[in-house]
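A.B. asks: My structure is in run-v7.cif, and what it holds is mmCIF, C-alpha atoms:
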data_target
#
loop_
_atom_site.label_atom_id
_atom_site.label_comp_id
_atom_site.auth_asym_id
_atom_site.auth_seq_id
_atom_site.Cartn_x
_atom_site.Cartn_y
_atom_site.Cartn_z
CA MET A 1 11.01 38.49 37.65
CA ALA A 2 8.77 35.50 38.36
CA ARG A 3 10.04 31.94 38.23
CA ILE A 4 8.20 28.77 39.17
CA GLY A 5 10.25 25.80 40.25
CA ILE A 6 13.54 24.48 38.84
CA ASN A 7 14.15 23.10 35.37
CA PRO A 8 13.87 19.31 35.84
CA ALA A 9 16.80 18.73 33.45
CA ARG A 10 19.25 20.61 35.63
CA GLY A 11 22.13 18.43 36.79
CA LYS A 12 21.07 15.43 34.70
CA VAL A 13 23.04 13.74 31.90
CA THR A 14 21.59 12.11 28.83
CA GLY A 15 22.78 8.74 27.60
CA GLU A 16 21.86 9.59 24.03
CA ARG A 17 24.75 9.63 21.57
CA PRO A 18 24.59 10.22 17.83
CA ALA A 19 25.51 7.39 15.47
CA ARG A 20 28.81 7.49 13.61
CA VAL A 21 26.89 7.98 10.34
CA THR A 22 24.34 10.68 9.61
CA VAL A 23 22.23 9.95 6.54
CA ALA A 24 21.51 13.47 5.33
CA LEU A 25 18.97 14.55 2.70
CA VAL A 26 17.80 17.85 1.26
CA THR A 27 14.14 17.88 0.23
CA TYR A 28 12.54 20.44 -2.05
CA ILE A 29 9.02 19.97 -3.42
CA PRO A 30 7.36 23.42 -3.56
CA ASN A 31 4.08 22.14 -5.02
CA LEU A 32 2.48 19.01 -6.44
CA ALA A 33 1.79 20.25 -9.95
CA GLY A 34 3.64 20.34 -13.26
CA TYR A 35 7.25 19.24 -12.87
CA PHE A 36 6.61 18.32 -9.21
CA GLU A 37 3.33 16.42 -9.75
CA HIS A 38 4.78 13.01 -8.82
CA ARG A 39 7.58 14.13 -6.53
CA LEU A 40 5.86 13.20 -3.26
CA ASP A 41 5.45 9.62 -4.54
CA VAL A 42 9.16 9.63 -5.35
CA LEU A 43 10.07 10.91 -1.88
CA LYS A 44 7.92 8.28 -0.19
CA LEU A 45 9.69 5.51 -2.12
CA VAL A 46 13.08 7.04 -1.29
CA LEU A 47 12.43 7.05 2.46
CA SER A 48 10.83 3.60 2.34
CA SER A 49 13.89 2.13 0.60
CA LEU A 50 16.16 3.97 3.04
CA GLY A 51 14.32 2.58 6.05
CA LEU A 52 14.16 -1.00 4.79
CA HIS A 53 17.65 -1.28 3.30
CA THR A 54 19.82 0.55 5.86
CA THR A 55 21.08 -1.82 8.55
CA VAL A 56 24.22 0.03 9.69
CA PRO A 57 23.57 2.15 12.83
CA HIS A 58 22.75 5.66 11.64
CA ASP A 59 20.72 8.80 12.21
CA VAL A 60 18.53 10.35 9.52
CA MET A 61 18.64 14.13 9.19
CA ILE A 62 16.56 16.05 6.64
CA PHE A 63 16.74 19.71 5.67
CA ASP A 64 13.54 20.73 3.93
CA ASN A 65 14.02 23.69 1.62
CA ALA A 66 10.55 25.29 1.96
CA SER A 67 8.42 22.48 0.53
CA CYS A 68 4.64 22.65 0.27
CA PRO A 69 2.38 21.80 3.28
CA GLU A 70 1.62 18.27 2.01
CA VAL A 71 5.31 17.41 1.98
CA THR A 72 6.18 18.96 5.34
CA ALA A 73 3.18 17.19 6.90
CA TYR A 74 4.50 13.89 5.55
CA LEU A 75 7.99 14.61 6.90
CA ARG A 76 6.58 15.43 10.34
CA GLN A 77 4.63 12.18 10.25
CA MET A 78 7.79 10.25 9.43
CA GLN A 79 9.59 11.92 12.31
CA GLU A 80 6.76 11.02 14.69
CA GLN A 81 7.08 7.40 13.54
CA GLY A 82 10.82 7.43 14.26
CA GLN A 83 11.92 7.27 10.63
CA ILE A 84 13.57 10.71 10.81
CA ASN A 85 15.76 11.65 13.78
CA TYR A 86 16.41 15.29 12.98
CA LEU A 87 14.14 17.47 10.82
CA ILE A 88 14.94 21.06 9.85
CA LEU A 89 12.06 22.90 8.15
CA SER A 90 13.17 26.08 6.42
CA GLU A 91 10.65 28.85 5.88
CA ARG A 92 12.55 29.96 2.75
CA ASN A 93 14.27 28.18 -0.11
CA LEU A 94 17.99 28.66 0.55
CA GLY A 95 19.07 26.94 -2.64
CA LYS A 96 20.84 23.59 -2.74
CA ILE A 97 24.46 24.39 -1.92
CA ASP A 98 23.53 26.76 0.93
CA ALA A 99 21.12 24.15 2.30
CA LEU A 100 24.07 21.75 2.33
CA ARG A 101 26.06 24.23 4.39
CA VAL A 102 23.33 24.19 7.05
CA LEU A 103 22.77 20.43 6.84
CA PHE A 104 26.41 19.31 6.90
CA ASN A 105 27.35 21.63 9.74
CA ALA A 106 24.38 20.39 11.78
CA ALA A 107 24.95 16.67 11.12
CA PRO A 108 26.12 15.05 14.39
CA GLY A 109 27.89 12.05 12.84
CA GLU A 110 31.57 11.93 11.90
CA VAL A 111 30.56 10.44 8.53
CA ILE A 112 27.87 11.97 6.32
CA ALA A 113 25.93 9.81 3.85
CA TYR A 114 24.37 12.46 1.64
CA SER A 115 21.55 11.94 -0.82
CA ASP A 116 19.26 14.03 -2.97
CA ASP A 117 15.57 13.37 -2.33
CA ASP A 118 15.10 11.26 -5.47
CA ILE A 119 17.53 8.39 -4.82
CA PHE A 120 16.52 4.74 -4.40
CA PHE A 121 18.57 2.66 -1.95
CA TYR A 122 19.30 -1.02 -2.55
CA PRO A 123 20.14 -3.53 0.23
CA GLY A 124 23.67 -3.18 1.58
CA TRP A 125 24.22 0.30 0.12
CA LEU A 126 25.75 1.88 3.21
CA GLU A 127 27.96 -1.08 4.12
CA ALA A 128 29.43 -1.13 0.61
CA GLN A 129 30.28 2.57 0.60
CA LEU A 130 31.70 2.57 4.12
CA GLU A 131 33.92 -0.37 3.19
CA ILE A 132 35.44 1.67 0.36
CA LEU A 133 35.87 4.67 2.64
CA ASP A 134 37.80 2.44 5.04
CA CYS A 135 39.76 0.67 2.28
CA PHE A 136 40.95 3.87 0.60
CA PRO A 137 42.16 6.39 3.22
CA GLN A 138 42.45 8.99 0.43
CA ALA A 139 38.75 8.70 -0.42
CA GLY A 140 36.76 11.91 -0.08
CA MET A 141 33.49 10.99 -1.80
CA VAL A 142 32.16 7.45 -2.33
CA SER A 143 28.98 6.93 -4.36
CA GLY A 144 26.69 3.93 -4.68
CA ILE A 145 26.70 4.00 -8.48
CA ALA A 146 29.16 5.25 -11.07
CA VAL A 147 28.01 7.63 -13.81
CA ARG A 148 30.25 8.15 -16.81
CA ASP A 149 29.50 11.87 -17.08
CA ALA A 150 30.83 12.36 -13.54
CA ALA A 151 34.23 10.98 -14.54
CA GLY A 152 34.94 13.91 -16.85
CA HIS A 153 35.89 16.37 -14.12
CA ALA A 154 37.62 16.54 -10.73
CA HIS A 155 39.90 13.57 -11.41
CA ARG A 156 43.40 14.99 -10.83
CA SER A 157 43.85 13.16 -7.53
CA LEU A 158 42.82 9.91 -9.22
CA ASP A 159 45.23 10.50 -12.10
CA ARG A 160 48.03 11.22 -9.66
CA LEU A 161 47.32 8.01 -7.73
CA ALA A 162 47.17 5.97 -10.94
CA GLU A 163 50.51 7.37 -12.09
CA GLN A 164 52.34 6.98 -8.80
CA GLY A 165 50.81 3.66 -7.85
CA ALA A 166 50.62 2.28 -4.33
CA SER A 167 51.36 -0.97 -2.57
CA GLY A 168 48.71 -3.51 -3.52
CA LEU A 169 47.01 -1.19 -6.05
CA SER A 170 46.31 -2.06 -9.68
CA VAL A 171 44.63 0.27 -12.17
CA VAL A 172 42.96 -0.63 -15.48
CA ARG A 173 40.68 1.10 -17.96
CA GLU A 174 37.82 -1.05 -19.19
CA ARG A 175 34.17 -0.88 -20.16
CA ARG A 176 32.82 -1.71 -16.69
CA ILE A 177 29.60 0.30 -16.13
CA PRO A 178 26.68 -1.57 -17.76
CA ASP A 179 24.94 0.36 -20.52
CA ALA A 180 21.59 -0.43 -18.90
CA TRP A 181 22.57 1.59 -15.81
CA GLU A 182 23.70 4.48 -17.98
CA ALA A 183 20.42 4.38 -19.90
CA ASP A 184 18.44 4.44 -16.64
CA TRP A 185 20.43 7.44 -15.43
CA ALA A 186 19.97 9.29 -18.72
CA ALA A 187 16.20 8.73 -18.68
CA SER A 188 15.90 9.85 -15.04
CA THR A 189 17.72 13.11 -15.81
CA GLY A 190 15.70 13.96 -18.92
CA ARG A 191 18.32 12.88 -21.44
CA ASP A 192 17.78 10.65 -24.45
CA PRO A 193 19.19 7.25 -23.41
CA GLN A 194 20.27 6.20 -26.89
CA ALA A 195 21.92 9.55 -27.60
CA HIS A 196 23.76 9.33 -24.26
CA LEU A 197 25.00 5.81 -24.97
CA GLN A 198 26.11 6.88 -28.43
CA ALA A 199 28.01 9.87 -27.04
CA THR A 200 29.84 7.73 -24.46
CA GLN A 201 30.41 4.57 -26.50
CA GLU A 202 34.19 5.10 -26.60
CA HIS A 203 34.53 5.86 -22.89
CA LEU A 204 36.53 3.44 -20.74
CA ASP A 205 35.96 3.36 -17.00
CA LEU A 206 38.86 3.71 -14.56
CA VAL A 207 38.82 0.64 -12.29
CA LEU A 208 41.03 0.46 -9.20
CA ARG A 209 41.71 -2.74 -7.27
CA MET A 210 43.31 -2.58 -3.85
CA GLU A 211 44.56 -5.82 -2.27
CA LYS A 212 43.71 -6.06 1.38
CA LEU A 213 43.65 -8.69 4.07
CA GLY A 214 41.06 -11.23 3.06
CA GLY A 215 40.41 -10.09 -0.48
CA VAL A 216 40.36 -7.23 -2.98
CA CYS A 217 38.55 -3.89 -2.73
CA GLU A 218 37.44 -2.88 -6.23
CA VAL A 219 36.10 0.57 -7.14
CA ILE A 220 35.39 2.77 -10.13
CA GLY A 221 37.31 6.04 -10.30
CA SER A 222 34.41 8.48 -10.25
CA ALA A 223 31.73 9.73 -7.87
CA ASN A 224 28.48 11.59 -8.33
CA HIS A 225 27.20 14.46 -6.24
CA PHE A 226 23.59 13.30 -6.02
CA GLN A 227 24.59 10.56 -3.53
CA PHE A 228 27.85 10.04 -1.68
CA VAL A 229 29.42 9.08 1.64
CA THR A 230 32.11 11.39 3.02
CA PRO A 231 33.97 12.28 6.23
CA LYS A 232 32.21 15.29 7.73
CA GLN A 233 35.31 17.36 8.43
CA LEU A 234 36.52 16.84 4.87
CA ILE A 235 33.31 17.82 3.08
CA LEU A 236 32.94 20.94 5.21
CA GLN A 237 36.23 22.16 3.74
CA GLY A 238 34.82 21.78 0.24
CA LEU A 239 31.73 23.92 0.79
CA PRO A 240 31.65 27.64 -0.09
CA SER A 241 32.75 29.88 2.76
CA GLY A 242 29.84 32.28 2.28
CA TRP A 243 26.21 32.29 1.15
CA THR A 244 25.88 31.92 -2.62
CA GLY A 245 22.18 32.65 -3.13
CA LYS A 246 22.07 30.07 -5.95
CA LEU A 247 18.91 27.99 -6.18
CA MET A 248 20.80 25.30 -8.10
CA GLY A 249 24.35 24.65 -9.23
CA SER A 250 27.73 24.70 -7.44
CA MET A 251 27.76 20.92 -7.09
CA ILE A 252 30.48 20.41 -9.70
CA GLU A 253 32.46 23.03 -7.79
CA LEU A 254 32.02 20.83 -4.70
CA ASP A 255 33.41 17.86 -6.64
CA GLU A 256 36.38 19.96 -7.72
CA ALA A 257 36.98 21.25 -4.21
CA VAL A 258 37.25 17.68 -2.88
CA ASP A 259 39.66 16.87 -5.72
CA ASN A 260 41.73 20.01 -5.06
CA LEU A 261 42.06 18.97 -1.43
CA GLY A 262 43.79 15.82 -2.69
CA TYR A 263 41.00 13.33 -2.02
CA LEU A 264 39.59 10.66 -4.33
CA ARG A 265 36.11 10.46 -5.79
CA LEU A 266 35.12 6.78 -6.04
CA SER A 267 32.06 4.59 -6.67
CA THR A 268 31.03 1.02 -6.00
CA VAL A 269 31.28 -1.38 -8.94
CA GLU A 270 27.76 -2.64 -8.20
CA ARG A 271 24.63 -0.50 -8.28
CA TYR A 272 23.67 0.25 -4.70
CA THR A 273 21.77 3.49 -5.34
CA ARG A 274 19.68 4.68 -8.27
CA HIS A 275 18.60 8.12 -9.45
CA LEU A 276 14.81 8.24 -9.90
CA GLY A 277 14.15 11.74 -11.21
CA ASN A 278 10.79 13.44 -10.80
CA ALA A 279 8.50 10.47 -11.53
CA LEU A 280 8.30 6.71 -11.06
CA SER A 281 8.37 4.40 -14.05
CA ALA A 282 6.53 1.07 -14.19
CA GLU A 283 9.91 -0.67 -14.15
CA VAL A 284 11.01 1.10 -10.95
CA ILE A 285 7.70 0.33 -9.22
CA ALA A 286 7.96 -3.35 -10.16
CA GLU A 287 11.54 -3.52 -8.91
CA ALA A 288 10.64 -1.85 -5.63
CA ARG A 289 7.81 -4.33 -5.04
CA SER A 290 10.12 -7.25 -5.85
CA LEU A 291 12.40 -6.01 -3.05
CA GLY A 292 9.55 -6.07 -0.55
CA LEU A 293 8.58 -2.39 -0.58
CA ALA A 294 4.88 -1.62 -0.33
CA ILE A 295 4.19 1.11 -2.86
CA GLU A 296 0.81 2.57 -3.80
CA ALA A 297 1.97 4.97 -6.52
CA THR A 298 1.07 4.46 -10.15
CA ALA A 299 3.56 4.86 -12.94
CA ALA A 300 3.79 8.26 -14.62
CA PRO A 301 3.22 8.34 -18.40
CA ALA A 302 6.42 7.77 -20.32
CA PRO A 303 7.73 10.75 -22.33
CA GLY A 304 6.29 10.88 -25.82
CA THR A 305 3.19 8.78 -25.06
CA HIS A 306 0.70 11.62 -25.51
CA ARG A 307 -1.44 11.05 -28.56
CA ARG A 308 -1.48 14.56 -29.88
CA LYS A 309 0.55 17.71 -29.31
CA HIS A 310 -1.35 20.51 -27.53
CA TRP A 311 -2.65 23.14 -29.92
CA LEU A 312 -0.51 25.83 -28.29
CA LEU A 313 2.65 23.91 -29.15
CA ARG A 314 1.59 23.79 -32.77
CA LEU A 315 1.95 27.57 -33.03
CA PRO A 316 5.34 28.71 -34.44
CA GLY A 317 7.71 29.79 -31.65
CA SER A 318 5.23 28.87 -28.91
CA ARG A 319 7.57 26.46 -27.09
CA ARG A 320 10.21 29.17 -26.65
CA VAL A 321 7.65 31.69 -25.36
CA LEU A 322 5.97 29.22 -23.02
CA SER A 323 9.32 28.04 -21.65
CA TRP A 324 10.33 31.64 -20.90
CA LEU A 325 6.96 32.30 -19.24
CA TYR A 326 7.27 29.13 -17.15
CA GLN A 327 10.70 30.15 -15.88
CA ARG A 328 9.51 33.65 -14.99
CA LEU A 329 6.44 32.36 -13.13
CA PHE A 330 8.56 29.81 -11.26
CA LYS A 331 10.89 32.52 -10.00
CA ILE A 332 7.98 34.70 -8.94
CA LEU A 333 6.20 31.91 -7.08
CA TYR A 334 9.11 30.05 -5.48
CA ARG A 335 12.10 32.35 -5.25
#
Rewrite the structure of this file - the entire thing - as structure tokens.

C.D. replies:
Amino acid sequence: MARIGINPARGKVTGERPARVTVALVTYIPNLAGYFEHRLDVLKLVLSSLGLHTTVPHDVMIFDNASCPEVTAYLRQMQEQGQINYLILSERNLGKIDALRVLFNAAPGEVIAYSDDDIFFYPGWLEAQLEILDCFPQAGMVSGIAVRDAAGHAHRSLDRLAEQGASGLSVVRERRIPDAWEADWAASTGRDPQAHLQATQEHLDLVLRMEKLGGVCEVIGSANHFQFVTPKQLILQGLPSGWTGKLMGSMIELDEAVDNLGYLRLSTVERYTRHLGNALSAEVIAEARSLGLAIEATAAPAPGTHRRKHWLLRLPGSRRVLSWLYQRLFKILYR
């Protein structure tokens, strides 16, 4: 068997070491039409805010779940520019929870800062979440914004802590999350903001205050699974042990697994991250520019601004039929 020369790396040692924190994202934009028409603009703003507003030493790792060529070309460009340290391009869509199994196992850091690919990062986001992770040794997931809907499950460990108490810990229930943040979250997830606020008007937020040297660490007793910071070895225990095959779902089960392991799900009291959804509003674009981000995208039309309903939707039962057809075509094209 032929061999020419000796591998020049033989006997050498690299000085490269991964950062303590791996900022890990899953991207999935299979096309740039319909639901995904504005998603590349969203992703560009996400990575721009991440690059500008992350000052803690970190590595960025992205698992792309079989996105379209325009998106993968952009991700390669970002890697060439040094904005992405590790890039995994999957030929097939593994689904979200199975993509997380690949991503979290591959992450080199001892702490994983996970985010969906539609999350805006504000200045100081990572410092704030790491501070909570250090302040509460029982913390398993720490998010950069609290969402009231996320407080309705996986809270047994929090309840147990509140009942037992701890040295320096005080617990109160109060209306702490601003309604404006809740309205933004509802709009970005396709909900009616006013209906959401009405449905949660009686909800009180669980606020925990831990006295520590030099001050008080204050958190809200809830975390969301679209963005969180977590110890790697802990979150690996919460993932399914085998392949699920699910394109979506299983994230609430991940929340519950962390809770069942006896760890807390917490959030910052300030808004350090924001869910954007599948399009950028004029308000988000203006806010991003005010924070120094150069953004070329134009705002997507707000829901309900179309002048006249399409003639197909005026036919009795057409919405149900078209919705069924859309779902079938999506599975055929992108399964």

A.B. asks: Using all atoms listed in the file, which residues sit within 7 Å of His53 (chain A) once same-chain residues fewer than 5 positions away are excluded, as a ChimeraX atom specification?

C.D. replies: /A:121-124

A.B. asks: Compile the contact shell of Arg39 (chain A) as a ChimeraX atom specification: residues with an atom at most 12 Å away, counting all atoms listed in the file, same-chain residues fewer than 2 positions apart removed.

C.D. replies: /A:27-37,41-46,67-68,70-71,117-119,276-280,297,299-300

A.B. asks: Please report the interatomic distance between CA of Met251 (chain A) and CA of Ala151 (chain A) in Å with one decimal.

C.D. replies: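 CA of Ala151 (chain A) lies at a distance of 14.0 Å from CA of Met251 (chain A).
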
A.B. asks: Which residues, written as a list in words, have at least one atom at most 10 Å from Asp64 (chain A), with all atoms listed in the file counted and residues fewer than 5 positions away on the same chain left out?

C.D. replies: Leu25, Val26, Thr27, Tyr28, Ile29, Val71, Thr72, Leu75, Leu87, Ile88, Leu89, Ser90, Glu91, Arg92, Asn93, Leu94, Ala99, Leu103 and Asp117 of chain A

A.B. asks: Could you give me, as a short mmCIF file (atom, residue, chain, number, x, y, z; two decimals) with C-alpha atoms, keeping the file's coordinate frame, the residues that have an atom at most 9 Å away from the point (34.0, 24.2, -2.2) in the coordinates of the file, using all atoms listed in the file?

C.D. replies:
data_model
loop_
_atom_site.label_atom_id
_atom_site.label_comp_id
_atom_site.auth_asym_id
_atom_site.auth_seq_id
_atom_site.Cartn_x
_atom_site.Cartn_y
_atom_site.Cartn_z
CA ILE A 235 33.31 17.82 3.08
CA LEU A 236 32.94 20.94 5.21
CA GLN A 237 36.23 22.16 3.74
CA GLY A 238 34.82 21.78 0.24
CA LEU A 239 31.73 23.92 0.79
CA PRO A 240 31.65 27.64 -0.09
CA SER A 241 32.75 29.88 2.76
CA SER A 250 27.73 24.70 -7.44
CA MET A 251 27.76 20.92 -7.09
CA GLU A 253 32.46 23.03 -7.79
CA LEU A 254 32.02 20.83 -4.70
CA ASP A 255 33.41 17.86 -6.64
CA GLU A 256 36.38 19.96 -7.72
CA ALA A 257 36.98 21.25 -4.21
CA VAL A 258 37.25 17.68 -2.88
#

A.B. asks: What is the distance, in Å and to one decimal place, between CA of Gly317 (chain A) and CA of His196 (chain A)?

C.D. replies: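 Between CA of Gly317 (chain A) and CA of His196 (chain A) the gap is 27.0 Å.
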
A.B. asks: Can you pull out the residues contacting Phe226 (chain A)? Cut-off 12 Å, using all atoms listed in the file, and skip same-chain residues under 6 positions away; I want them as a ChimeraX atom specification.

C.D. replies: /A:24-26,96-97,100,113-120,141-147,150,185,189,249,251-252,254-255,273-277

A.B. asks: If you measure from CA of Arg173 (chain A) to CA of Ser188 (chain A), what distance in Å do you get, rounded to one decimal?

C.D. replies: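 That distance, rounded to one decimal, is 26.4 Å.
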
A.B. asks: Using all atoms of region 205-211 of chain A that appear in the file, construct an axis-aligned enclosing box with 5 Å of padding on every side and provide its centre coordinates and edge lengths in Å, rounded to one decimal, as JSON.

C.D. replies:
{"center_x": 40.3, "center_y": -1.1, "center_z": -9.6, "size_x": 18.6, "size_y": 19.5, "size_z": 24.7}

A.B. asks: I need the residue nearest Ser267 (chain A) from this list: A:Asp149, A:Glu163, A:Glu218, A:Asp98. Use only C-alpha atoms for the distance.

C.D. replies: A:Glu218

A.B. asks: Selected by the PyMOL selection byres ((chain A and resi 175-179) around 6) in the shown coordinates: which residues, as a list of chain:residue names?

C.D. replies: A:Glu174, A:Ala180, A:Trp181, A:Glu182, A:Leu204, A:Asp205

A.B. asks: List as a list of chain:residue names the protein and nucleic acid residues near Val207 (chain A), meaning an atom at most 7 Å away when all atoms listed in the file are counted, but skip any in the same chain fewer than 4 places from it.

C.D. replies: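 Here the answer would be A:Val171, A:Val172, A:Arg173, A:Val219, A:Ile220, A:Gly221.
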
A.B. asks: Mind telling me what the PyMOL selection byres ((chain A and resi 108) around 7) catches here, as number ranges by chain?

C.D. replies: A: 18, 22, 106-107, 109-110

A.B. asks: Selection from above, C-alpha atoms, as a compact mmCIF listing (two decimals), keeping the file's coordinate frame, can you write it?

C.D. replies:
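What follows is the written file selection.txt:
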# COMPACT_ATOMS: atom_id res chain seq x y z
CA PRO A 18 24.59 10.22 17.83
CA THR A 22 24.34 10.68 9.61
CA ALA A 106 24.38 20.39 11.78
CA ALA A 107 24.95 16.67 11.12
CA GLY A 109 27.89 12.05 12.84
CA GLU A 110 31.57 11.93 11.90

A.B. asks: The PyMOL selection byres ((chain A and resi 131) around 12) on the file shown: which residues, as a VMD selection string?

C.D. replies: chain A and resid 56 124 to 130 132 to 137 139 142 to 144 210 212 216 to 219 229 to 230 266 to 268

A.B. asks: Out of A:Lys12, A:Arg160, A:Ser281, A:Gly82, which residue has the shortest atom-to-atom distance to His38 (chain A) when counting only C-alpha atoms?

C.D. replies: A:Ser281
